[in-house]
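Trainee: Input protein_5.txt, format and content: compact mmCIF, C-alpha atoms.
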```txt
# COMPACT_ATOMS: atom_id res chain seq x y z
CA MET A 1 124.05 108.10 112.84
CA PHE A 2 123.77 109.63 109.39
CA LYS A 3 125.05 113.15 108.89
CA THR A 4 122.75 114.03 106.02
CA PRO A 5 119.34 112.82 104.83
CA THR A 6 120.91 111.85 101.53
CA ALA A 7 123.41 109.60 103.32
CA LYS A 8 120.58 107.91 105.17
CA ARG A 9 118.62 107.42 101.97
CA VAL A 10 121.63 105.95 100.19
CA ALA A 11 122.26 103.61 103.12
CA ILE A 12 118.64 102.41 103.14
CA VAL A 13 118.52 101.83 99.40
CA THR A 14 121.91 100.09 99.40
CA GLY A 15 120.93 97.96 102.40
CA ARG A 16 117.68 97.03 100.73
CA TYR A 17 119.36 95.73 97.59
CA LEU A 18 122.09 94.00 99.58
CA ILE A 19 119.44 92.11 101.54
CA ILE A 20 117.69 91.06 98.34
CA ILE A 21 120.99 89.84 96.86
CA VAL A 22 121.85 87.91 100.05
CA ALA A 23 118.31 86.47 100.17
CA ALA A 24 118.64 85.34 96.55
CA LEU A 25 121.96 83.69 97.37
CA LEU A 26 120.42 81.91 100.39
CA ILE A 27 117.55 80.61 98.26
CA ALA A 28 119.98 79.55 95.53
CA LYS A 29 122.05 77.68 98.13
CA ALA A 30 118.97 75.85 99.34
CA LEU A 31 117.99 74.96 95.78
CA LEU A 32 121.38 73.90 94.46
CA LEU A 33 123.81 72.80 97.16
CA SER A 34 123.64 69.52 99.00
CA ILE A 35 123.77 69.49 102.78
CA ASP A 36 125.01 65.94 103.34
CA GLN A 37 127.02 63.21 101.67
CA TYR A 38 123.87 61.76 100.06
CA GLY A 39 123.31 64.86 97.98
CA THR A 40 120.20 65.98 99.87
CA ARG A 41 119.32 69.60 99.23
CA GLU A 42 117.55 71.82 101.72
CA ILE A 43 114.67 72.39 99.33
CA THR A 44 114.09 68.61 99.26
CA LEU A 45 113.79 68.58 103.04
CA VAL A 46 111.34 71.48 102.89
CA ARG A 47 109.16 69.76 100.29
CA VAL A 48 109.22 66.37 101.99
CA ASN A 49 108.44 67.89 105.36
CA GLY A 50 105.67 70.01 103.88
CA SER A 51 104.14 66.92 102.31
CA THR A 52 104.08 65.02 105.59
CA PHE A 53 101.51 65.26 108.35
CA CYS A 54 103.13 67.46 110.95
CA GLN A 55 101.70 65.85 114.05
CA SER A 56 102.81 68.69 116.28
CA CYS A 57 99.72 70.68 115.31
CA MET A 58 97.64 67.88 116.82
CA GLY A 59 99.79 67.62 119.91
CA LEU A 60 100.90 64.15 118.82
CA TYR A 61 104.54 64.94 118.17
CA LYS A 62 106.82 62.80 120.38
CA MET B 63 90.44 97.65 96.42
CA LYS B 64 89.27 97.09 99.98
CA ARG B 65 91.64 95.22 102.25
CA TRP B 66 89.16 92.50 103.20
CA ILE B 67 88.65 91.61 99.53
CA ILE B 68 92.41 91.14 99.09
CA GLN B 69 92.47 89.09 102.30
CA PHE B 70 89.73 86.78 100.96
CA ILE B 71 91.52 86.44 97.61
CA PHE B 72 94.69 85.33 99.42
CA LEU B 73 92.62 83.03 101.64
CA VAL B 74 91.37 81.24 98.52
CA ILE B 75 94.82 81.18 96.86
CA GLN B 76 96.34 79.67 99.99
CA ASN B 77 93.53 77.15 100.55
CA PRO B 78 92.39 75.75 97.20
CA PHE B 79 92.04 72.08 98.25
CA ILE B 80 88.95 72.44 100.41
CA GLN B 81 87.76 68.92 99.60
CA ASN B 82 90.66 67.56 101.69
CA PHE B 83 88.87 68.75 104.83
CA LEU B 84 86.36 65.95 104.29
CA THR B 85 88.96 63.21 103.93
CA GLY B 86 91.47 64.46 106.51
CA THR B 87 94.33 64.26 104.02
CA ILE B 88 96.82 66.90 102.85
CA TYR B 89 98.13 68.03 99.47
CA ARG B 90 101.58 66.50 98.82
CA GLY B 91 102.61 68.06 95.50
CA PRO B 92 105.66 70.10 94.48
CA ALA B 93 104.15 73.42 95.65
CA LYS B 94 104.89 72.30 99.21
CA ALA B 95 108.45 73.43 98.54
CA ILE B 96 107.26 77.04 98.41
CA CYS B 97 107.32 79.01 101.65
CA THR B 98 104.69 81.72 101.85
CA GLY B 99 105.07 84.93 103.81
CA THR B 100 102.14 84.04 106.04
CA LEU B 101 101.25 81.67 108.84
CA THR B 102 99.64 78.92 106.75
CA CYS B 103 100.21 75.52 108.30
CA TYR B 104 101.55 72.99 105.80
CA SER B 105 99.42 70.33 107.46
CA CYS B 106 96.28 72.27 106.72
CA PRO B 107 94.30 69.96 104.41
CA ALA B 108 93.53 72.79 101.99
CA ALA B 109 97.03 74.32 101.86
CA PRO B 110 99.31 73.91 98.83
CA PHE B 111 102.27 75.77 100.37
CA SER B 112 104.55 75.52 103.41
CA CYS B 113 104.73 77.70 106.50
CA PRO B 114 108.09 79.47 106.85
CA ILE B 115 108.11 79.21 110.64
CA GLY B 116 107.33 75.48 110.53
CA THR B 117 110.07 75.07 107.90
CA MET B 118 112.56 76.98 110.04
CA GLN B 119 111.91 74.74 113.04
CA TYR B 120 112.13 71.58 110.98
CA ILE B 121 115.45 72.49 109.34
CA ILE B 122 116.94 73.56 112.68
CA GLU B 123 115.63 70.43 114.40
CA TYR B 124 116.40 67.88 111.69
CA ALA B 125 119.47 69.20 109.89
CA LYS B 126 120.94 71.31 112.72
CA MET B 127 121.68 74.08 110.25
CA ILE B 128 120.60 77.64 109.57
CA PRO B 129 117.33 77.48 107.59
CA THR B 130 118.63 79.44 104.62
CA TYR B 131 115.62 78.80 102.40
CA ALA B 132 113.01 80.04 104.87
CA ILE B 133 115.17 83.01 105.88
CA GLY B 134 115.86 83.89 102.24
CA SER B 135 112.18 83.64 101.31
CA LEU B 136 111.10 85.80 104.24
CA ALA B 137 113.86 88.32 103.53
CA VAL B 138 112.49 88.77 100.00
CA PHE B 139 108.92 89.23 101.28
CA GLY B 140 110.16 91.50 104.07
CA THR B 141 112.30 93.73 101.85
CA LEU B 142 109.47 94.14 99.37
CA PHE B 143 106.49 94.53 101.72
CA GLY B 144 107.67 94.54 105.34
CA ARG B 145 104.83 93.17 107.48
CA GLY B 146 102.38 93.78 104.64
CA PRO B 147 101.56 90.05 104.26
CA CYS B 148 100.22 90.10 107.85
CA ALA B 149 97.60 92.66 106.87
CA TYR B 150 96.73 91.42 103.39
CA ALA B 151 97.50 87.72 103.11
CA CYS B 152 97.50 85.98 106.51
CA PRO B 153 94.38 83.82 107.03
CA PHE B 154 94.71 83.94 110.81
CA GLY B 155 94.98 87.72 110.67
CA LEU B 156 91.76 87.80 108.64
CA LEU B 157 89.98 85.68 111.25
CA GLN B 158 91.10 88.00 114.05
CA ASP B 159 89.99 91.03 112.02
CA LEU B 160 86.54 89.52 111.47
CA LEU B 161 86.10 88.58 115.13
CA HIS B 162 86.97 92.10 116.21
CA LYS B 163 84.81 93.72 113.57
CA PHE B 164 81.66 91.81 114.45
CA SER B 165 82.21 91.54 118.19
CA PRO B 166 79.94 93.47 120.58
CA PHE B 167 82.88 93.76 123.02
CA SER B 168 85.44 95.21 120.61
CA ALA B 169 87.48 98.17 121.72
CA GLN B 170 90.36 100.18 120.32
CA VAL B 171 93.14 99.20 122.70
CA ARG B 172 96.72 100.50 122.63
CA MET B 173 99.43 97.91 122.29
CA MET B 174 100.77 96.91 125.70
CA PRO B 175 104.34 98.27 125.83
CA TRP B 176 106.12 95.39 127.53
CA VAL B 177 103.98 92.50 126.36
CA ARG B 178 104.75 93.41 122.74
CA GLN B 179 108.32 92.25 123.34
CA LEU B 180 107.05 88.71 124.01
CA LYS B 181 107.46 87.95 120.31
CA TRP B 182 111.23 88.02 120.71
CA VAL B 183 111.09 85.39 123.48
CA ILE B 184 108.72 83.22 121.43
CA PHE B 185 110.97 83.42 118.38
CA ALA B 186 114.21 82.77 120.24
CA ALA B 187 112.94 80.04 122.53
CA PHE B 188 110.28 78.20 120.53
CA VAL B 189 111.50 78.63 116.95
CA VAL B 190 115.27 78.43 117.43
CA ILE B 191 116.56 77.19 120.81
CA ILE B 192 114.13 74.39 121.73
CA PRO B 193 114.00 72.94 118.18
CA TYR B 194 117.82 72.84 118.16
CA TRP B 195 118.23 71.60 121.70
CA LYS B 196 115.29 69.22 122.15
CA GLU B 197 114.66 68.38 118.48
CA LEU B 198 111.05 69.43 118.81
CA PRO B 199 109.15 72.01 116.70
CA ALA B 200 108.15 73.77 119.90
CA PHE B 201 106.21 76.66 118.39
CA CYS B 202 104.06 74.32 116.28
CA ALA B 203 103.71 71.79 119.08
CA TRP B 204 102.83 74.08 121.96
CA ILE B 205 101.72 77.48 120.67
CA CYS B 206 100.72 78.00 117.05
CA PRO B 207 96.95 78.71 117.10
CA ALA B 208 96.86 78.95 113.30
CA GLY B 209 98.13 75.37 113.07
CA THR B 210 95.58 74.17 115.61
CA LEU B 211 92.76 75.83 113.73
CA GLN B 212 93.81 75.11 110.15
CA ALA B 213 95.34 71.67 110.61
CA GLY B 214 95.03 70.15 114.07
CA ILE B 215 91.27 70.38 114.59
CA PRO B 216 90.18 69.54 111.00
CA ILE B 217 92.52 66.54 110.75
CA VAL B 218 91.56 65.21 114.17
CA ILE B 219 87.89 65.48 113.23
CA ALA B 220 88.22 63.94 109.77
CA ASN B 221 91.01 61.42 110.24
CA GLU B 222 90.29 58.65 112.71
CA SER B 223 93.86 57.36 112.78
CA PHE B 224 95.04 60.59 114.39
CA ARG B 225 92.11 60.88 116.77
CA VAL B 226 93.22 58.01 118.98
CA GLY B 227 96.51 59.65 119.92
CA VAL B 228 95.17 63.06 120.88
CA GLY B 229 96.04 64.06 124.42
CA LEU B 230 96.80 66.89 126.81
CA THR B 231 98.99 68.85 124.39
CA PHE B 232 96.15 69.06 121.90
CA ALA B 233 93.78 70.12 124.67
CA TRP B 234 96.24 72.85 125.70
CA LYS B 235 96.53 74.07 122.13
CA VAL B 236 92.76 74.21 121.70
CA ILE B 237 92.41 76.14 124.97
CA LEU B 238 95.13 78.59 123.85
CA LEU B 239 93.39 79.02 120.50
CA VAL B 240 90.06 79.72 122.21
CA ILE B 241 91.68 82.25 124.57
CA ILE B 242 93.34 84.06 121.65
CA LEU B 243 90.15 84.12 119.59
CA LEU B 244 88.05 85.31 122.53
CA TYR B 245 90.57 88.05 123.28
CA ALA B 246 90.57 89.00 119.59
CA MET B 247 86.92 89.96 120.10
CA ARG B 248 88.10 92.61 122.55
CA GLU B 249 91.55 93.71 121.33
CA GLN B 250 92.30 93.60 117.62
CA ARG B 251 94.86 91.04 116.44
CA PRO B 252 96.30 90.00 119.82
CA PHE B 253 98.27 87.13 118.31
CA CYS B 254 99.89 89.44 115.74
CA ARG B 255 100.64 92.03 118.42
CA TYR B 256 102.21 89.88 121.08
CA LEU B 257 102.99 86.36 119.92
CA CYS B 258 103.61 85.92 116.20
CA PRO B 259 107.27 85.07 115.42
CA LEU B 260 106.62 85.40 111.68
CA GLY B 261 105.33 88.93 112.13
CA LEU B 262 108.40 89.74 114.18
CA PHE B 263 110.71 88.45 111.46
CA LEU B 264 108.93 90.36 108.69
CA GLY B 265 108.76 93.43 110.91
CA LEU B 266 112.56 93.53 111.09
CA PHE B 267 112.48 94.68 107.47
CA ASN B 268 109.77 97.31 107.98
CA ARG B 269 112.12 100.29 108.14
CA ILE B 270 113.78 99.53 104.83
CA ALA B 271 110.90 97.79 103.03
CA MET B 272 110.06 99.09 99.59
CA LEU B 273 106.37 99.34 100.45
CA ARG B 274 106.09 102.08 103.03
CA ILE B 275 103.68 104.55 104.46
CA ALA B 276 105.15 107.99 103.90
CA ARG B 277 104.40 110.89 106.21
CA ASP B 278 104.74 114.39 104.88
CA ARG B 279 105.80 116.33 107.96
CA LYS B 280 105.23 119.61 106.17
CA VAL B 281 101.50 119.11 106.45
CA CYS B 282 101.13 116.59 109.31
CA LEU B 283 99.58 118.17 112.41
CA SER B 284 100.36 115.13 114.61
CA CYS B 285 96.69 115.20 115.59
CA GLY B 286 96.63 111.44 116.17
CA MET B 287 93.52 110.85 114.04
CA CYS B 288 95.49 108.30 112.00
CA GLY B 289 96.01 106.13 115.06
CA LYS B 290 92.37 105.97 116.14
CA GLN B 291 91.65 102.79 114.15
CA CYS B 292 95.13 101.23 113.97
CA PRO B 293 94.57 97.44 114.25
CA MET B 294 97.92 97.05 115.99
CA GLY B 295 97.24 99.80 118.51
CA LEU B 296 100.37 101.75 117.61
CA GLU B 297 101.07 105.30 118.68
CA LEU B 298 100.66 107.10 115.39
CA PRO B 299 102.06 108.99 113.64
CA ARG B 300 105.21 108.39 115.71
CA GLU B 301 105.26 104.65 115.03
CA ILE B 302 104.53 104.61 111.30
CA ASN B 303 106.62 101.85 109.65
CA HIS B 304 107.56 100.65 113.13
CA LEU B 305 108.55 97.00 113.63
CA ASP B 306 104.97 96.23 114.68
CA CYS B 307 103.30 98.15 111.82
CA ILE B 308 101.50 95.72 109.49
CA LYS B 309 101.17 98.35 106.74
CA CYS B 310 97.44 97.88 106.45
CA GLY B 311 96.87 101.50 105.44
CA THR B 312 94.16 102.20 108.02
CA CYS B 313 96.15 105.23 109.17
CA ILE B 314 96.14 106.64 105.62
CA LYS B 315 92.34 106.45 105.58
CA GLY B 316 92.21 107.93 109.09
CA CYS B 317 94.20 111.02 108.16
CA PRO B 318 91.76 113.93 107.68
CA PRO B 319 91.06 114.45 103.94
CA LYS B 320 92.01 118.11 104.03
CA ILE B 321 95.46 117.28 105.37
CA LYS B 322 96.41 114.02 103.63
CA ALA B 323 99.80 113.79 105.28
CA LEU B 324 100.05 110.02 104.83
CA SER B 325 100.29 108.07 101.60
CA TRP B 326 101.47 104.78 100.13
CA LYS B 327 104.92 104.86 98.60
CA PHE B 328 106.76 102.11 96.81
CA MET B 329 110.41 103.05 97.21
CA PRO B 330 112.83 103.86 95.76
CA LEU B 331 110.70 105.64 93.17
CA ASP B 332 109.97 108.45 95.54
CA ALA B 333 112.65 110.72 96.90
CA GLU B 334 110.86 113.90 97.76
CA ILE B 335 108.60 112.63 100.54
CA ALA B 336 111.36 110.45 101.93
CA SER B 337 113.69 113.40 102.23
CA VAL B 338 110.98 115.45 103.93
CA GLU B 339 110.37 112.53 106.28
CA GLU B 340 114.06 112.26 107.10
CA LYS B 341 114.70 115.94 107.59
CA GLY B 342 111.83 116.14 110.01
CA VAL B 343 110.83 119.45 108.51
CA ARG B 344 107.52 120.74 109.83
CA THR B 345 106.35 124.16 108.80
CA GLN B 346 103.18 124.79 110.69
CA ASN B 347 101.52 128.17 110.81
```
Hey, can you dump this file as C-alpha cells for me?

Mentor:
Amino acid sequence: MFKTPTAKRVAIVTGRYLIIIVAALLIAKALLLSIDQYGTREITLVRVNGSTFCQSCMGLYK
Amino acid sequence: MKRWIIQFIFLVIQNPFIQNFLTGTIYRGPAKAICTGTLTCYSCPAAPFSCPIGTMQYIIEYAKMIPTYAIGSLAVFGTLFGRGPCAYACPFGLLQDLLHKFSPFSAQVRMMPWVRQLKWVIFAAFVVIIPYWKELPAFCAWICPAGTLQAGIPIVIANESFRVGVGLTFAWKVILLVIILLYAMREQRPFCRYLCPLGLFLGLFNRIAMLRIARDRKVCLSCGMCGKQCPMGLELPREINHLDCIKCGTCIKGCPPKIKALSWKFMPLDAEIASVEEKGVRTQN
C-alpha cells in the first residue's frame, strides 16, 4: 500500500493525530451541543444514566 | 513497576466507594459522566465512573444516535495506548489473570483462530443492533460478566428491593460468569480473547497507537520465546501490536536478554526502530 517506509510512517502519524482531533471534536459535541429541543446534551444523558441503577446487570431490565 | 501493582492501583482508583457494597447503593456524583477505558460497570456500588460500552448501548437505545462521547473517549484511549487499558487497568482482566496464575489447571493455550472473531458479532449484535432495534442494552442484559460480578450480584445481595425481581436472566448471567471464570483457570483471559467488545474497539487502534511494542528485526531471531507466556495466546513475534494484543509487555520480558529485540516505544518520539520494523530488514549471520 505504501511505497516507502517513510510514507507509511507519515501516514500513521498523520492518521493518529487526525483521530485525536476527531475524538476531541466528538467529545466537544457531546459536551456542548444539545440533541433535542429541550436542550439536553449527550453528556447529561451519560451522567444521568451512570447515576441510575442499570437493572440489566441484574437481569431485571424489561 | 510490576504489572499487577499497576492493576491493583487502577482497581482502587476505579472502586473507591467500597462501603456502598454494604448498603447496595451506587455513587451518583458528577464523575459518572466520565467514561473509563475499561469494563467497569456504572452500577457497581464502588464505581465512580461509567462504562463506555454501557454508555454506548444506552445512547443508541435511548437517543437513537451515534454515541459520540463514548466513541470519542475510547478513541483517545485507543490512540494513546491501544488495548493497554485491558492489561493494566481492567478489573475483570485482573481477576482473570489471578485465576489463571493460581490455578492448578492453567495452561498456555493459543488463541483459537475462528473463535477470536466472535468479538465482532458480539459488538455488532449486542452493542449496536439489538439496542437500536429492541431498545434493550443487550450486552449488559445478557452477556457482560463484569457487570454481573461487580454490580448484579453485590446489589442483589445487599439490596432487598431488587432481590424480589430476580429471575431467569440473572441466573443465566451468573452461569455465564461462572463458566467464564472457570475457563479462565485453564486458558488465560478467555473473555478478553473471545468476547469483549471494549477490547475489540480499543484493539482497532493498536496498529497506530502511540504506545507500542517495537521489534528490532535486525536482531530478532523469530525464536518464539516471546510468545511462550503471552496472556492472549498470540503467535509472536508475528502478531505484535495485533488487534488482539493487550500490550502487557510479557513478550518483552520473554525475549532472551542477550537478544533484546523487543522494547516499549512511545511514538512518535522514535523513528529508527519504526523504520527498521517497517523495512523488514533482518541481517542474520

Trainee: Mind listing as a PDB file with C-alpha atoms, in the frame of the given file which residues of chain A are within 6 Å of chain B, counting all atoms listed in the file?

Mentor:
```pdb
ATOM      1  CA  PRO A   5     119.340 112.820 104.830  1.00  0.00           C
ATOM      2  CA  ILE A  12     118.640 102.410 103.140  1.00  0.00           C
ATOM      3  CA  ILE A  20     117.690  91.060  98.340  1.00  0.00           C
ATOM      4  CA  ALA A  23     118.310  86.470 100.170  1.00  0.00           C
ATOM      5  CA  LEU A  26     120.420  81.910 100.390  1.00  0.00           C
ATOM      6  CA  ILE A  27     117.550  80.610  98.260  1.00  0.00           C
ATOM      7  CA  ALA A  30     118.970  75.850  99.340  1.00  0.00           C
ATOM      8  CA  VAL A  46     111.340  71.480 102.890  1.00  0.00           C
ATOM      9  CA  ARG A  47     109.160  69.760 100.290  1.00  0.00           C
ATOM     10  CA  GLY A  50     105.670  70.010 103.880  1.00  0.00           C
ATOM     11  CA  SER A  51     104.140  66.920 102.310  1.00  0.00           C
ATOM     12  CA  PHE A  53     101.510  65.260 108.350  1.00  0.00           C
ATOM     13  CA  CYS A  54     103.130  67.460 110.950  1.00  0.00           C
ATOM     14  CA  SER A  56     102.810  68.690 116.280  1.00  0.00           C
ATOM     15  CA  CYS A  57      99.720  70.680 115.310  1.00  0.00           C
ATOM     16  CA  MET A  58      97.640  67.880 116.820  1.00  0.00           C
ATOM     17  CA  GLY A  59      99.790  67.620 119.910  1.00  0.00           C
TER      18      GLY A  59
END
```

Trainee: With distances taken over all atoms listed in the file, which residue among B:Ile302, B:Leu156, B:Ile241, B:Ile115 lies nearest Ile71 in chain B?

Mentor: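 That would be B:Leu156, the residue with the smallest distance to Ile71 in chain B.
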
Trainee: One decimal, in Å: what's the spacing between CA of Ala220 in chain B and CA of Gly86 in chain B?

Mentor: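 CA of Gly86 in chain B lies at a distance of 4.6 Å from CA of Ala220 in chain B.
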
Trainee: Residues within 8 Å of Arg255 in chain B, please, as a compact mmCIF listing (two decimals) with C-alpha atoms, in the coordinates of the input. Count all atoms listed in the file; anything in the same chain fewer than 5 positions from it doesn't count.

Mentor:
```
# COMPACT_ATOMS: atom_id res chain seq x y z
CA MET B 173 99.43 97.91 122.29
CA ARG B 178 104.75 93.41 122.74
CA MET B 294 97.92 97.05 115.99
CA ASP B 306 104.97 96.23 114.68
```

Trainee: Rounded to one decimal, what separation in Å do you get between CA of Leu305 in chain B and CA of Phe263 in chain B?

Mentor: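 Separating CA of Leu305 in chain B from CA of Phe263 in chain B is a distance of 9.1 Å.
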